[in-house]
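One file, structure23.cif, carrying mmCIF, C-alpha atoms:
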```
data_my_file
#
loop_
_atom_site.group_PDB
_atom_site.id
_atom_site.type_symbol
_atom_site.label_atom_id
_atom_site.label_comp_id
_atom_site.auth_asym_id
_atom_site.auth_seq_id
_atom_site.Cartn_x
_atom_site.Cartn_y
_atom_site.Cartn_z
ATOM 1 C CA MET A 14 95.142 69.673 109.845
ATOM 2 C CA GLU A 15 93.092 72.051 111.961
ATOM 3 C CA SER A 16 94.447 72.894 115.398
ATOM 4 C CA ARG A 17 93.704 75.125 118.366
ATOM 5 C CA CYS A 18 95.035 78.700 118.094
ATOM 6 C CA GLU A 19 96.850 78.184 121.401
ATOM 7 C CA ASN A 20 98.969 75.432 119.805
ATOM 8 C CA CYS A 21 99.263 76.928 116.326
ATOM 9 C CA ILE A 22 102.811 77.869 115.322
ATOM 10 C CA VAL A 23 101.472 80.232 112.641
ATOM 11 C CA ARG A 24 100.327 82.802 115.221
ATOM 12 C CA GLN A 25 103.983 83.528 116.077
ATOM 13 C CA PHE A 26 104.199 85.400 112.745
ATOM 14 C CA ASN A 27 101.281 87.779 113.320
ATOM 15 C CA ALA A 28 99.557 89.967 115.906
ATOM 16 C CA LEU A 29 97.804 86.984 117.543
ATOM 17 C CA ARG A 30 101.041 86.282 119.413
ATOM 18 C CA ALA A 31 100.196 89.247 121.691
ATOM 19 C CA MET A 32 96.945 87.630 122.867
ATOM 20 C CA ASN A 33 96.751 85.941 126.254
ATOM 21 C CA LYS A 34 95.542 82.347 126.760
ATOM 22 C CA GLU A 35 91.964 83.397 127.455
ATOM 23 C CA GLU A 36 91.786 85.582 124.328
ATOM 24 C CA LEU A 37 93.330 82.863 122.161
ATOM 25 C CA LYS A 38 90.753 80.419 123.506
ATOM 26 C CA LYS A 39 87.967 82.797 122.378
ATOM 27 C CA VAL A 40 89.534 83.042 118.908
ATOM 28 C CA SER A 41 89.867 79.280 118.747
ATOM 29 C CA ASP A 42 86.256 78.692 119.789
ATOM 30 C CA SER A 43 84.891 81.112 117.198
ATOM 31 C CA LYS A 44 87.184 80.573 114.184
ATOM 32 C CA VAL A 45 86.164 78.651 111.081
ATOM 33 C CA TYR A 46 88.785 76.518 109.307
ATOM 34 C CA ARG A 47 88.590 76.567 105.506
ATOM 35 C CA LYS A 48 90.430 74.921 102.633
ATOM 36 C CA ILE A 49 90.657 77.109 99.534
ATOM 37 C CA LYS A 50 91.553 75.733 96.114
ATOM 38 C CA LYS A 51 94.099 77.441 93.849
ATOM 39 C CA GLY A 52 92.281 80.116 91.798
ATOM 40 C CA GLU A 53 89.425 80.523 94.298
ATOM 41 C CA THR A 54 88.525 83.997 95.554
ATOM 42 C CA ILE A 55 88.738 84.638 99.304
ATOM 43 C CA PHE A 56 87.148 88.088 99.017
ATOM 44 C CA GLU A 57 86.456 90.648 96.292
ATOM 45 C CA GLU A 58 87.416 94.318 96.242
ATOM 46 C CA GLY A 59 84.580 96.405 97.705
ATOM 47 C CA GLU A 60 83.224 93.633 99.960
ATOM 48 C CA LYS A 61 82.337 94.164 103.621
ATOM 49 C CA LEU A 62 84.200 91.621 105.736
ATOM 50 C CA ASP A 63 82.787 90.077 108.910
ATOM 51 C CA GLY A 64 86.226 89.028 110.060
ATOM 52 C CA VAL A 65 89.854 88.406 109.131
ATOM 53 C CA PHE A 66 91.640 85.458 107.533
ATOM 54 C CA CYS A 67 94.717 83.935 109.125
ATOM 55 C CA VAL A 68 96.779 82.061 106.508
ATOM 56 C CA ARG A 69 97.816 78.643 107.819
ATOM 57 C CA ASP A 70 99.260 77.414 104.531
ATOM 58 C CA GLY A 71 99.515 78.448 100.886
ATOM 59 C CA VAL A 72 99.722 81.841 99.187
ATOM 60 C CA SER A 73 97.159 84.468 98.214
ATOM 61 C CA LYS A 74 97.576 87.387 95.805
ATOM 62 C CA LEU A 75 96.134 90.713 96.942
ATOM 63 C CA SER A 76 95.277 92.876 93.962
ATOM 64 C CA LYS A 77 93.488 96.066 92.978
ATOM 65 C CA LEU A 78 91.544 96.629 89.785
ATOM 66 C CA SER A 79 92.808 99.725 87.950
ATOM 67 C CA ALA A 80 90.678 102.087 85.865
ATOM 68 C CA ASN A 81 91.700 100.293 82.651
ATOM 69 C CA GLY A 82 90.363 96.994 84.014
ATOM 70 C CA LYS A 83 93.797 95.457 84.724
ATOM 71 C CA ASP A 84 94.676 93.831 88.024
ATOM 72 C CA GLN A 85 97.679 95.222 89.898
ATOM 73 C CA ILE A 86 99.055 92.684 92.353
ATOM 74 C CA VAL A 87 100.052 94.671 95.431
ATOM 75 C CA LYS A 88 101.218 91.879 97.706
ATOM 76 C CA LEU A 89 101.526 88.124 98.128
ATOM 77 C CA ALA A 90 100.267 86.926 101.522
ATOM 78 C CA SER A 91 101.573 83.623 102.809
ATOM 79 C CA LYS A 92 101.745 81.445 105.916
ATOM 80 C CA GLY A 93 101.308 83.397 109.138
ATOM 81 C CA GLU A 94 99.837 86.533 107.590
ATOM 82 C CA VAL A 95 96.449 87.944 108.514
ATOM 83 C CA ILE A 96 94.448 89.382 105.632
ATOM 84 C CA GLY A 97 91.525 91.749 105.908
ATOM 85 C CA GLN A 98 92.563 93.334 109.218
ATOM 86 C CA ARG A 99 92.693 96.925 107.908
ATOM 87 C CA THR A 100 89.172 96.570 106.538
ATOM 88 C CA VAL A 101 87.817 95.149 109.791
ATOM 89 C CA ILE A 102 89.535 97.730 112.015
ATOM 90 C CA ALA A 103 88.616 100.717 109.807
ATOM 91 C CA GLU A 104 85.100 99.291 109.290
ATOM 92 C CA GLU A 105 85.413 99.991 105.559
ATOM 93 C CA SER A 106 84.825 97.822 102.533
ATOM 94 C CA THR A 107 87.882 96.015 101.163
ATOM 95 C CA ASN A 108 90.331 97.930 99.037
ATOM 96 C CA LEU A 109 91.812 94.776 97.476
ATOM 97 C CA SER A 110 90.750 91.358 96.218
ATOM 98 C CA ALA A 111 92.331 88.177 97.589
ATOM 99 C CA VAL A 112 92.680 85.107 95.343
ATOM 100 C CA ALA A 113 94.543 81.874 96.132
ATOM 101 C CA VAL A 114 97.603 81.295 93.912
ATOM 102 C CA SER A 115 98.158 77.888 95.467
ATOM 103 C CA ASP A 116 95.927 75.571 97.508
ATOM 104 C CA MET A 117 95.403 77.242 100.857
ATOM 105 C CA GLU A 118 94.313 76.607 104.424
ATOM 106 C CA VAL A 119 92.917 79.614 106.267
ATOM 107 C CA CYS A 120 91.159 80.283 109.533
ATOM 108 C CA PHE A 121 88.373 82.849 109.453
ATOM 109 C CA ILE A 122 88.199 84.842 112.703
ATOM 110 C CA PRO A 123 84.983 86.853 113.310
ATOM 111 C CA LYS A 124 85.533 90.595 113.717
ATOM 112 C CA GLU A 125 83.875 90.799 117.184
ATOM 113 C CA VAL A 126 86.731 88.770 118.686
ATOM 114 C CA ILE A 127 89.329 91.041 117.052
ATOM 115 C CA SER A 128 87.531 94.268 118.045
ATOM 116 C CA ASN A 129 86.976 93.144 121.655
ATOM 117 C CA THR A 130 90.638 92.200 122.067
ATOM 118 C CA LEU A 131 91.774 95.513 120.509
ATOM 119 C CA ASN A 132 89.729 97.342 123.138
ATOM 120 C CA THR A 133 91.011 95.333 126.091
ATOM 121 C CA ASN A 134 94.600 94.341 125.243
ATOM 122 C CA PRO A 135 97.006 97.223 124.452
ATOM 123 C CA ASN A 136 99.801 94.795 123.460
ATOM 124 C CA PHE A 137 97.577 93.284 120.782
ATOM 125 C CA ALA A 138 96.627 96.779 119.522
ATOM 126 C CA VAL A 139 100.327 97.696 119.228
ATOM 127 C CA GLU A 140 101.103 94.459 117.350
ATOM 128 C CA VAL A 141 98.246 95.093 114.900
ATOM 129 C CA LEU A 142 99.518 98.656 114.360
ATOM 130 C CA ARG A 143 103.025 97.348 113.770
ATOM 131 C CA HIS A 144 101.834 94.920 111.094
ATOM 132 C CA MET A 145 99.709 97.571 109.396
ATOM 133 C CA ALA A 146 102.658 100.000 109.425
ATOM 134 C CA HIS A 147 104.789 97.301 107.780
ATOM 135 C CA ASP A 148 102.133 96.858 105.063
ATOM 136 C CA LEU A 149 102.146 100.628 104.471
ATOM 137 C CA LYS A 150 105.934 100.616 104.115
ATOM 138 C CA GLU A 151 105.691 97.780 101.576
ATOM 139 C CA ALA A 152 103.042 99.722 99.649
ATOM 140 C CA ASP A 153 105.365 102.770 99.581
ATOM 141 C CA ASP A 154 108.167 100.604 98.176
ATOM 142 C CA VAL A 155 105.837 99.284 95.447
ATOM 143 C CA ILE A 156 104.950 102.861 94.423
ATOM 144 C CA VAL A 157 108.614 103.918 94.241
ATOM 145 C CA ASN A 158 109.523 100.759 92.296
ATOM 146 C CA MET A 159 106.743 101.403 89.795
ATOM 147 C CA SER A 160 107.861 104.950 89.136
ATOM 148 C CA GLN A 161 111.645 104.543 89.180
ATOM 149 C CA LYS A 162 112.444 101.088 87.852
ATOM 150 C CA THR A 163 112.000 99.720 84.338
ATOM 151 C CA VAL A 164 109.715 96.763 83.664
ATOM 152 C CA LYS A 165 112.787 94.526 83.176
ATOM 153 C CA GLN A 166 114.204 95.599 86.541
ATOM 154 C CA ARG A 167 110.880 94.926 88.259
ATOM 155 C CA MET A 168 110.659 91.534 86.545
ATOM 156 C CA ALA A 169 114.167 90.575 87.707
ATOM 157 C CA GLU A 170 113.253 91.735 91.213
ATOM 158 C CA ALA A 171 110.092 89.584 91.188
ATOM 159 C CA PHE A 172 112.086 86.417 90.418
ATOM 160 C CA LEU A 173 114.628 87.205 93.150
ATOM 161 C CA TYR A 174 111.832 87.971 95.617
ATOM 162 C CA LEU A 175 110.072 84.655 94.910
ATOM 163 C CA LYS A 176 113.309 82.702 95.256
ATOM 164 C CA LYS A 177 114.199 84.407 98.548
ATOM 165 C CA ASN A 178 110.737 84.159 100.117
ATOM 166 C CA TYR A 179 109.375 80.865 98.759
ATOM 167 C CA GLY A 180 112.499 78.930 97.817
ATOM 168 C CA GLU A 181 113.050 76.493 94.957
ATOM 169 C CA ASP A 182 112.608 72.764 94.346
ATOM 170 C CA GLU A 183 115.396 70.193 93.786
ATOM 171 C CA ALA A 184 115.429 70.975 90.065
ATOM 172 C CA GLY A 185 116.029 74.664 90.804
ATOM 173 C CA PHE A 186 112.562 75.928 89.851
ATOM 174 C CA LEU A 187 110.677 78.409 92.020
ATOM 175 C CA ASN A 188 108.359 76.713 94.521
ATOM 176 C CA LEU A 189 105.615 79.223 93.848
ATOM 177 C CA THR A 190 104.422 78.953 90.252
ATOM 178 C CA LEU A 191 102.704 82.108 89.014
ATOM 179 C CA SER A 192 100.989 82.452 85.661
ATOM 180 C CA ARG A 193 102.515 84.798 83.058
ATOM 181 C CA GLU A 194 99.498 87.036 83.626
ATOM 182 C CA ASP A 195 100.199 87.130 87.380
ATOM 183 C CA TYR A 196 103.820 88.122 86.718
ATOM 184 C CA ALA A 197 102.572 90.896 84.428
ATOM 185 C CA ASN A 198 100.188 92.060 87.166
ATOM 186 C CA VAL A 199 102.958 92.034 89.762
ATOM 187 C CA VAL A 200 105.258 94.266 87.706
ATOM 188 C CA GLY A 201 102.502 96.354 86.097
ATOM 189 C CA THR A 202 102.849 95.540 82.413
ATOM 190 C CA ALA A 203 100.955 93.786 79.612
ATOM 191 C CA THR A 204 101.076 89.971 79.559
ATOM 192 C CA GLU A 205 102.662 90.070 76.055
ATOM 193 C CA SER A 206 105.546 92.251 77.323
ATOM 194 C CA CYS A 207 106.007 89.929 80.266
ATOM 195 C CA ILE A 208 106.248 86.883 77.949
ATOM 196 C CA ARG A 209 108.820 88.741 75.771
ATOM 197 C CA ILE A 210 110.955 89.644 78.799
ATOM 198 C CA ILE A 211 110.845 86.069 80.118
ATOM 199 C CA SER A 212 112.095 84.709 76.786
ATOM 200 C CA GLU A 213 114.806 87.424 76.630
ATOM 201 C CA PHE A 214 115.942 86.567 80.192
ATOM 202 C CA LYS A 215 116.003 82.892 79.216
ATOM 203 C CA LYS A 216 118.135 83.571 76.091
ATOM 204 C CA LYS A 217 120.584 85.565 78.224
ATOM 205 C CA GLY A 218 120.813 82.712 80.731
ATOM 206 C CA PHE A 219 119.341 84.706 83.646
ATOM 207 C CA ILE A 220 116.495 82.226 84.144
ATOM 208 C CA LYS A 221 115.422 78.768 82.983
ATOM 209 C CA THR A 222 111.907 77.616 82.207
ATOM 210 C CA SER A 223 109.993 74.360 81.938
ATOM 211 C CA GLY A 224 106.352 74.818 80.962
ATOM 212 C CA LYS A 225 104.892 77.255 83.491
ATOM 213 C CA GLN A 226 107.809 76.819 85.865
ATOM 214 C CA ILE A 227 110.597 79.373 86.125
ATOM 215 C CA GLY A 228 113.956 79.024 87.856
ATOM 216 C CA VAL A 229 116.654 81.568 88.671
ATOM 217 C CA ALA A 230 119.745 80.492 86.684
ATOM 218 C CA ASP A 231 122.018 83.485 87.359
ATOM 219 C CA GLU A 232 121.144 85.345 90.538
ATOM 220 C CA ARG A 233 124.106 87.745 90.209
ATOM 221 C CA LYS A 234 123.061 88.895 86.717
ATOM 222 C CA LEU A 235 119.457 89.474 87.860
ATOM 223 C CA GLN A 236 120.708 91.428 90.889
ATOM 224 C CA ASP A 237 122.975 93.551 88.660
ATOM 225 C CA LEU A 238 120.006 94.335 86.416
ATOM 226 C CA VAL A 239 117.870 95.362 89.423
ATOM 227 C CA GLU A 240 120.652 97.653 90.635
ATOM 228 C CA GLY A 241 121.000 99.197 87.188
ATOM 229 C CA PHE A 242 124.370 97.755 86.118
#
```
Take the structure I supplied and represent it as structure tokens, if you would.
Amino acid sequence: MESRCENCIVRQFNALRAMNKEELKKVSDSKVYRKIKKGETIFEEGEKLDGVFCVRDGVSKLSKLSANGKDQIVKLASKGEVIGQRTVIAEESTNLSAVAVSDMEVCFIPKEVISNTLNTNPNFAVEVLRHMAHDLKEADDVIVNMSQKTVKQRMAEAFLYLKKNYGEDEAGFLNLTLSREDYANVVGTATESCIRIISEFKKKGFIKTSGKQIGVADERKLQDLVEGF
């Protein structure tokens, strides 16, 4: 259900909360509401964006194509997050691709509205900076994880992250279902290795599976593995 930005709870999670009523009204009048199907591309790496996307519902994977042609998933963006803001503010082409991993609802906000508000509302500028700084910190953590943790540790961490951030259903399976290839692209390994690790984790009783679905069966054991015990 589309709603006015002024009444939208989602804006509490991003920089739009620092806008005043008048500014929010401008955003609301100019935004375009879109439904995006699972698997659809929101934008491709290298594109010029005419605005940003505010995620109202669903999850998008942000990934970068490496020299060997493999996708590296850098981040999952979900409800309340704004994607494309760095590109719009820096006036550069996108550094990442965004693809829906579940059905999504997004609002596209034209860049003029964002730029004008940045120039006139210091609180909004500070909020945008804060969110971009947080993204940088997350990117730093990804780099350290890649270099210092084994693939199995990163895999265990991915399951714990998904459980903590997206929860699980009544049967104890993760609410967000990623493909085996997506898991491989999150932890930076080949899909075959990822499939092997999943079956090893299942044999050891760390996780349970049902078709594509995965559930955390022993959180303590996964945590111990992440911490190197």
**Message:** Need the shell around Gly52 in chain A: protein/DNA/RNA residues with any atom at most 7 Å away, counting only C-alpha atoms. Skip same-chain ones fewer than 5 positions apart. Format as a PyMOL selection string?
**Reply:** chain A and resi 112-114
Store the residues picked out above, limited to C-alpha atoms, as a short mmCIF file (atom, residue, chain, number, x, y, z; two decimals), in the frame of the given file.
```
data_model
loop_
_atom_site.label_atom_id
_atom_site.label_comp_id
_atom_site.auth_asym_id
_atom_site.auth_seq_id
_atom_site.Cartn_x
_atom_site.Cartn_y
_atom_site.Cartn_z
CA VAL A 112 92.68 85.11 95.34
CA ALA A 113 94.54 81.87 96.13
CA VAL A 114 97.60 81.30 93.91
#
```
**Request:** Extract, using only C-alpha atoms, all DNA, RNA and protein residues at most 10 Å from Leu187 in chain A, discarding same-chain residues fewer than 3 positions from it, and format them as a PyMOL selection string.
**Result:** chain A and resi 172-173+175-184+190-191+222+226-229
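Using the PyMOL selection byres ((chain A and resi 20) around 12) on this structure selects Glu15, Ser16, Arg17, Cys18, Glu19, Cys21, Ile22, Val23, Arg24, Gln25, Leu29, Arg30, Lys34, Leu37, Lys38 and Ser41 of chain A.
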**Prompt:** Which neighbours of Thr54 in chain A fall inside 12 Å, counting all atoms listed in the file, when residues of the same chain fewer than 4 positions from it are skipped, and could you give them as a count of residues only?
**Reply:** 19
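Near Gln166 in chain A, within a cut-off of 8 Å and counting all atoms listed in the file, sit the residues Lys162, Thr163, Val164, Met168, Ala169, Glu170, Leu238, Val239, Glu240 and Gly241 of chain A, with same-chain residues fewer than 2 positions away left out.
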Extract, using only C-alpha atoms, all DNA, RNA and protein residues at most 9 Å from Val141 in chain A, discarding same-chain residues fewer than 2 positions from it, and format them as a JSON list (two decimals) with C-alpha atoms, in the frame of the given file.
```
[["chain", "number", "residue", "atom", "x", "y", "z"],
["A", 27, "ASN", "CA", 101.28, 87.78, 113.32],
["A", 28, "ALA", "CA", 99.56, 89.97, 115.91],
["A", 29, "LEU", "CA", 97.80, 86.98, 117.54],
["A", 98, "GLN", "CA", 92.56, 93.33, 109.22],
["A", 131, "LEU", "CA", 91.77, 95.51, 120.51],
["A", 136, "ASN", "CA", 99.80, 94.80, 123.46],
["A", 137, "PHE", "CA", 97.58, 93.28, 120.78],
["A", 138, "ALA", "CA", 96.63, 96.78, 119.52],
["A", 139, "VAL", "CA", 100.33, 97.70, 119.23],
["A", 143, "ARG", "CA", 103.02, 97.35, 113.77],
["A", 144, "HIS", "CA", 101.83, 94.92, 111.09],
["A", 145, "MET", "CA", 99.71, 97.57, 109.40],
["A", 146, "ALA", "CA", 102.66, 100.00, 109.42]]
```
Kindly compute an axis-aligned box around the listed atoms of range 20-36 of chain A, allowing 8 Å on each side, and express its centre and edge lengths in Å to one decimal as JSON.
```
{"center_x": 98.0, "center_y": 82.7, "center_z": 120.0, "size_x": 28.4, "size_y": 30.5, "size_z": 30.8}
```
**Message:** I need the output of the PyMOL selection byres ((chain A and resi 156) around 12) for this file as JSON, numbers by chain; which residues are they?
**Reply:** {"A": [85, 86, 87, 149, 150, 151, 152, 153, 154, 155, 157, 158, 159, 160, 161, 162, 167, 199, 200, 201]}
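The residue that comes closest to Val65 in chain A, out of A:Lys39, A:Lys216, A:Lys92, A:Arg99 and on the basis of all atoms listed in the file, is A:Arg99.
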